[in-house]
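Trainee: First the structure, which I've put down as structure tokens, then a few questions once you've had a look.
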Amino acid sequence: MLSAIFNAFRVPELRRKILFTLAIIALYRLGAFIPVPGIPVQALADAVSSAADQAATGFSGAMSLLNVFSGNALSRFSVLSLGIMPYITSSIIMQLMQGVIPSLQRWAREGETGQKKITQITRYLTLGLGLINAIGYLFLFQTQYKLHLPAGYEVITSMIIVFTLLVGVSLIMWMGELITQRGVGNGMSLIIFSSIVSGFPSAIWQSFGQFTPESVAFTVLIVIIVLAVIPGIVLIERAQRRIPVNYAKRIQGRKMMGGTSTYIPLKVNGAGVIPIIFASALLFFPAQLAAFFNVG
């Protein structure tokens, strides 16, 4: 594995793609620490910490899932607080609509030209969902976390906050497409991966607790399980179901053509991680509704 990594850096084109991808991911992680203008950062951090300690209005349910996918940017209310979820949601909506709207079905069969049209609509839909999420997050932090905006400038500050969050969604979408086009590919998946992995060091440190034998053994067991699951995920992701295809023999002129055998490779996991993310959000949704209305 290490030799494969070293060999990858020896190829100039591949090295440029890897370094470009790492630079974009570093820029994305930097944006997760830049707060939105007009937000009292320290007061908000104290409110979120206090609410989490009380376990009544803290990040739980769907909010904790969204905070993970944003790389803890939501808990800081940074410019990238909305994360990648608006784009994922719009992609799911567009995939579902392709089975309902005839024009989308026709574009999907047109190849690259039709895919560009679908991608453009997905971008606009992402901005629309981002606008709704930005307004919803602003009201959520004002009600549950007692976010106080500057007196006399509430409307202007609210507009700046919503606009900044919307710009953050555009930046994430742009960075993901850059990784796909000029980096190693799968930009959106890499952004999700970097967001989730960013919380691993703090999670491992917290699991150690007071460094008792039980906490250390439990943490080591969790790390071993994670390291064992990763190869299985890669195996399923790369797995193919090969459909055999046999070409009949035919005569063209004086030559015998055909008679060869090949196969059609079909991915075992063609849908990727989108169904898993969508199902997780659905499972957390009832708990989040209960938290909003203080049920239970």
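Residues in the structure tokens are numbered from 1 in each chain, the chains being A, B, ... in the order shown, and ligands are numbered from 1 in the order shown.
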Name the residues of region 64-262 of chain A that fall into helix (DSSP H, G or I) according to DSSP on the backbone, using the chain letters and numbers of this document, as a PyMOL selection string.

Mentor: chain A and resi 64-69+73-76+85-97+102-109+112-143+154-182+187-197+200-208+213-238

Trainee: Would you kindly return, as a ChimeraX atom specification, each protein, DNA or RNA residue with an atom no farther than 12 Å from any atom of Met97 (chain A), considering only C-alpha atoms and excluding same-chain residues fewer than 5 positions away?

Mentor: /A:90-92,102-108,118,121-122

Trainee: Can you list, as a PyMOL selection string, every protein, DNA or RNA residue that comes within 12 Å of Ser70 (chain A) when you count only C-alpha atoms, leaving out same-chain residues fewer than 2 positions away?

Mentor: chain A and resi 28-29+31-33+63-68+72-86+168-169+172+191-199

Trainee: Can you measure CA of Tyr153 (chain A) to CA of Gly38 (chain A) for me? One decimal in Å is fine.

Mentor: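 Atom-to-atom, CA of Tyr153 (chain A) and CA of Gly38 (chain A) are spaced 9.6 Å apart.
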
Trainee: Between region 96-183 of chain A and region 16-20 of chain A, at 8 Å or less, what are the per-residue closest atom pairs and their distances in Å? Count only C-alpha atoms, order by chain and rising residue number, and return it as JSON lines.

Mentor:
```
{"residue": "A:Ile179", "atom": "CA", "partner": "A:Phe20", "partner_atom": "CA", "distance": 7.7}
{"residue": "A:Arg182", "atom": "CA", "partner": "A:Lys17", "partner_atom": "CA", "distance": 6.4}
{"residue": "A:Gly183", "atom": "CA", "partner": "A:Lys17", "partner_atom": "CA", "distance": 4.4}
```

Trainee: Quick check for you: according to DSSP on this backbone, which residues of region 136-270 of chain A are classed as strand (DSSP E)? Reply as a ChimeraX atom specification.

Mentor: /A:240-246,250-252,255-257,261-267

Trainee: Excluding same-chain residues fewer than 5 positions from His148 (chain A), what lies within 10 Å of it counting only C-alpha atoms, as a count of residues only?

Mentor: 9
